[in-house]
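Colleague: Dropping the structure in here first, questions after.
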Amino acid sequence: TAVASSVGTGGEIPKDVLEQFSSLRKYRARRNSVLALVKITRKHPSIDTRRRCWEALQNLANGSLTTVRVLMRCEAMSNAMIDILEWSCGAADEDGCPYEAMEFLHAMVSNKYVTQDKTLREQIADPVHARCILAVLKTVPHNHSVQGMGLGTIWQLIRMSKYGAEMQGALLADGLIRHIVDTCEPARTNIELARVTCGCALALALNNTSVQDVMLRVDMPKLLVGILSAHEAIDFRGEFTKLSAWLTKNAR
């Protein structure tokens, strides 16, 4: 309105209006750059180029809340999911593994600013995202790097849902507990895998007696305590204090 009025009367455009438009132009240019990177991740014929785009998007996902909003409003999350799902449904060879897309997903769900935005948090903490990642993990149980990254991302998604019963129930129905049981053996000798395996399991059980009952049937407390005893350096910083008595009682 200010611009139209000034142009119509032949007057100068107010300085604050010019500054605002300059900021908007810069925002639009940055947004278009992000959209271009996202499109390249699916359409470019070069795998190396697509990997570099995912690396760039990962750096952006570690940034401001505004940047994460832009990423959520385009196809970045869905493209990353499609990449890892297509890989897992094919040969699933380690050389072709879209690690960069997985790292992008992890950066998105771990962004410290997302918790400040309720709408954005609910969009990212959609159970569908966690279920897709679990579906991939089931196909490559031998790939410990993928297991670690995937379980860590699922753990963060459960956190972001505030340990919601809907998220926990969806993962329970999709067999996360059985998958974690299968991961416990390699976790005994791999501290990074041990941390995310136990963290994911405990996040699934937190504030949910139905999940805890299912875990008791497969001796999950005993398995988790055994892993944590082998890696005393693991510290969850009080996240699972409520489960301490449950673990101790049922680990014997």
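Residue numbers start at 1 in each chain; chains themselves are named A, B, ... in the order of the structure tokens; ligands are numbered from 1 in the order shown.
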So which residues touch Glu100 of chain A within 12 Å, counting only C-alpha atoms, skipping near sequence neighbours fewer than 5 positions away, as a short mmCIF file (atom, residue, chain, number, x, y, z; two decimals) with C-alpha atoms, in the first residue's frame?

Modeller:
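Here's the written file selection_4.cif:
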data_model
loop_
_atom_site.label_atom_id
_atom_site.label_comp_id
_atom_site.auth_asym_id
_atom_site.auth_seq_id
_atom_site.Cartn_x
_atom_site.Cartn_y
_atom_site.Cartn_z
CA THR A 41 17.94 -34.86 -5.22
CA ILE A 47 24.46 -40.00 -7.93
CA ASP A 48 27.39 -37.87 -6.74
CA THR A 49 25.47 -34.68 -7.49
CA ARG A 50 22.43 -35.96 -5.62
CA ARG A 51 24.64 -36.86 -2.65
CA ARG A 52 26.16 -33.38 -2.58
CA CYS A 53 22.68 -31.86 -2.63
CA TRP A 54 21.66 -33.98 0.36
CA GLU A 55 24.81 -32.84 2.18
CA ALA A 56 23.89 -29.21 1.49
CA LEU A 57 20.32 -29.79 2.66
CA GLN A 58 21.62 -31.48 5.80
CA ASN A 59 23.63 -28.34 6.62
CA ASN A 79 12.26 -37.23 -1.22
CA ALA A 80 14.61 -38.46 1.50
CA MET A 81 12.13 -41.16 2.52
CA ASP A 83 15.47 -42.46 -1.54
CA ILE A 84 16.02 -44.77 1.41
CA LEU A 105 16.34 -36.82 8.03
CA HIS A 106 18.20 -37.08 11.32
CA ALA A 107 19.17 -33.40 11.14
CA VAL A 146 22.18 -47.74 8.92
CA MET A 149 21.32 -43.85 12.20
#

Colleague: So that I can see what lies close to Leu202 of chain A, please list as a list in words the residues with an atom at most 9 Å from it, counting only C-alpha atoms and leaving out residues fewer than 2 positions away in the same chain.

Modeller: Trp155, Thr197, Cys198, Gly199, Cys200, Leu204, Ala205, Leu206, Leu224, Phe240 and Leu243 of chain A

Colleague: With N, CA and C atoms retained, could you export that selection as a tab-separated table (two decimals), in the first residue's frame?

Modeller:
chain	number	residue	atom	x	y	z
A	155	TRP	N	14.20	-42.75	17.64
A	155	TRP	CA	14.24	-42.30	19.04
A	155	TRP	C	13.90	-40.81	19.12
A	197	THR	N	20.12	-48.09	20.42
A	197	THR	CA	19.24	-49.25	20.61
A	197	THR	C	18.51	-49.14	21.94
A	198	CYS	N	19.27	-48.90	23.00
A	198	CYS	CA	18.65	-48.78	24.33
A	198	CYS	C	17.80	-47.52	24.43
A	199	GLY	N	18.27	-46.42	23.87
A	199	GLY	CA	17.51	-45.18	23.91
A	199	GLY	C	16.18	-45.29	23.21
A	200	CYS	N	16.20	-45.95	22.05
A	200	CYS	CA	14.96	-46.14	21.28
A	200	CYS	C	13.99	-47.03	22.03
A	204	LEU	N	10.37	-45.88	23.69
A	204	LEU	CA	9.13	-46.58	23.32
A	204	LEU	C	8.33	-46.98	24.56
A	205	ALA	N	9.05	-47.32	25.64
A	205	ALA	CA	8.39	-47.80	26.85
A	205	ALA	C	7.96	-46.69	27.81
A	206	LEU	N	8.54	-45.52	27.66
A	206	LEU	CA	8.31	-44.44	28.63
A	206	LEU	C	6.83	-44.05	28.69
A	224	LEU	N	18.39	-55.03	27.94
A	224	LEU	CA	18.85	-53.64	27.99
A	224	LEU	C	19.86	-53.41	29.10
A	240	PHE	N	15.31	-41.18	31.21
A	240	PHE	CA	14.51	-42.37	31.51
A	240	PHE	C	14.52	-42.72	33.00
A	243	LEU	N	11.90	-45.00	34.41
A	243	LEU	CA	11.95	-46.44	34.10
A	243	LEU	C	13.00	-47.19	34.92

Colleague: List the spatial neighbours of segment 227-236 of chain A as a ChimeraX atom specification - criterion: any atom at most 10 Å away, only C-alpha atoms, same-chain residues fewer than 3 positions off excluded.

Modeller: /A:184-192,194-199,221-224,239-241

Colleague: If DSSP is run on the backbone, what residues of segment 50-249 of chain A are helix (DSSP H, G or I)? A reply as a PyMOL selection string would be ideal.

Modeller: chain A and resi 50-61+65-73+76-89+94-96+99-110+114-116+118-124+127-139+144-160+165-173+176-187+191-205+209-217+220-230+241-249

Colleague: Excluding Met220 of chain A and residues on its chain fewer than 6 positions from it, collect all residues at most 10 Å away from it, counting only C-alpha atoms, and give them as a list in words.

Modeller: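 Here the answer would be Ile177, Arg178, Ile180, Val181, Cys184, Cys198, Ala201, Leu202, Gln212, Asp213, Val214, Gly226, Leu247, Asn250 and Ala251 of chain A.
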
Colleague: For the residues selected in the previous step, produce a file with N, CA and C atoms as a PDB file, in the first residue's frame.

Modeller:
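Saved the output as part23.pdb:
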ATOM      1  N   ILE A 177       9.781 -53.650  18.679  1.00  0.00           N
ATOM      2  CA  ILE A 177      10.363 -54.405  19.793  1.00  0.00           C
ATOM      3  C   ILE A 177      11.134 -55.614  19.288  1.00  0.00           C
ATOM      4  N   ARG A 178      10.543 -56.370  18.384  1.00  0.00           N
ATOM      5  CA  ARG A 178      11.232 -57.533  17.820  1.00  0.00           C
ATOM      6  C   ARG A 178      12.509 -57.113  17.108  1.00  0.00           C
ATOM      7  N   ILE A 180      14.358 -54.492  17.780  1.00  0.00           N
ATOM      8  CA  ILE A 180      15.350 -54.113  18.783  1.00  0.00           C
ATOM      9  C   ILE A 180      15.979 -55.349  19.422  1.00  0.00           C
ATOM     10  N   VAL A 181      15.180 -56.358  19.681  1.00  0.00           N
ATOM     11  CA  VAL A 181      15.719 -57.614  20.236  1.00  0.00           C
ATOM     12  C   VAL A 181      16.794 -58.179  19.306  1.00  0.00           C
ATOM     13  N   CYS A 184      20.123 -56.296  19.643  1.00  0.00           N
ATOM     14  CA  CYS A 184      20.803 -56.282  20.934  1.00  0.00           C
ATOM     15  C   CYS A 184      22.174 -56.964  20.911  1.00  0.00           C
ATOM     16  N   CYS A 198      19.271 -48.903  23.003  1.00  0.00           N
ATOM     17  CA  CYS A 198      18.655 -48.776  24.333  1.00  0.00           C
ATOM     18  C   CYS A 198      17.801 -47.520  24.429  1.00  0.00           C
ATOM     19  N   ALA A 201      14.505 -48.110  22.630  1.00  0.00           N
ATOM     20  CA  ALA A 201      13.651 -49.036  23.382  1.00  0.00           C
ATOM     21  C   ALA A 201      13.032 -48.353  24.597  1.00  0.00           C
ATOM     22  N   LEU A 202      13.835 -47.614  25.322  1.00  0.00           N
ATOM     23  CA  LEU A 202      13.334 -46.952  26.535  1.00  0.00           C
ATOM     24  C   LEU A 202      12.349 -45.826  26.195  1.00  0.00           C
ATOM     25  N   GLN A 212       5.402 -51.696  27.904  1.00  0.00           N
ATOM     26  CA  GLN A 212       6.224 -52.350  28.924  1.00  0.00           C
ATOM     27  C   GLN A 212       5.820 -53.811  29.107  1.00  0.00           C
ATOM     28  N   ASP A 213       4.524 -54.080  29.065  1.00  0.00           N
ATOM     29  CA  ASP A 213       4.046 -55.467  29.205  1.00  0.00           C
ATOM     30  C   ASP A 213       4.551 -56.352  28.064  1.00  0.00           C
ATOM     31  N   VAL A 214       4.536 -55.805  26.843  1.00  0.00           N
ATOM     32  CA  VAL A 214       5.035 -56.566  25.692  1.00  0.00           C
ATOM     33  C   VAL A 214       6.532 -56.806  25.830  1.00  0.00           C
ATOM     34  N   GLY A 226      21.798 -55.614  30.383  1.00  0.00           N
ATOM     35  CA  GLY A 226      23.025 -56.295  29.983  1.00  0.00           C
ATOM     36  C   GLY A 226      23.869 -55.439  29.051  1.00  0.00           C
ATOM     37  N   LEU A 247      13.166 -51.272  35.209  1.00  0.00           N
ATOM     38  CA  LEU A 247      14.312 -52.012  34.673  1.00  0.00           C
ATOM     39  C   LEU A 247      14.954 -52.881  35.738  1.00  0.00           C
ATOM     40  N   ASN A 250      12.816 -55.956  36.793  1.00  0.00           N
ATOM     41  CA  ASN A 250      12.575 -56.998  35.798  1.00  0.00           C
ATOM     42  C   ASN A 250      13.826 -57.489  35.080  1.00  0.00           C
ATOM     43  N   ALA A 251      14.995 -57.029  35.521  1.00  0.00           N
ATOM     44  CA  ALA A 251      16.236 -57.428  34.859  1.00  0.00           C
ATOM     45  C   ALA A 251      16.876 -58.645  35.521  1.00  0.00           C
TER      46      ALA A 251
END

Colleague: Do you know which residues are at most 9 Å from segment 87-95 of chain A counting only C-alpha atoms, after dropping those on the same chain fewer than 4 positions away, and could you put them as a list in words?

Modeller: Ile82, Asp83, Ala135, Val136, Leu137, Thr139, Val140 and Asn143 of chain A
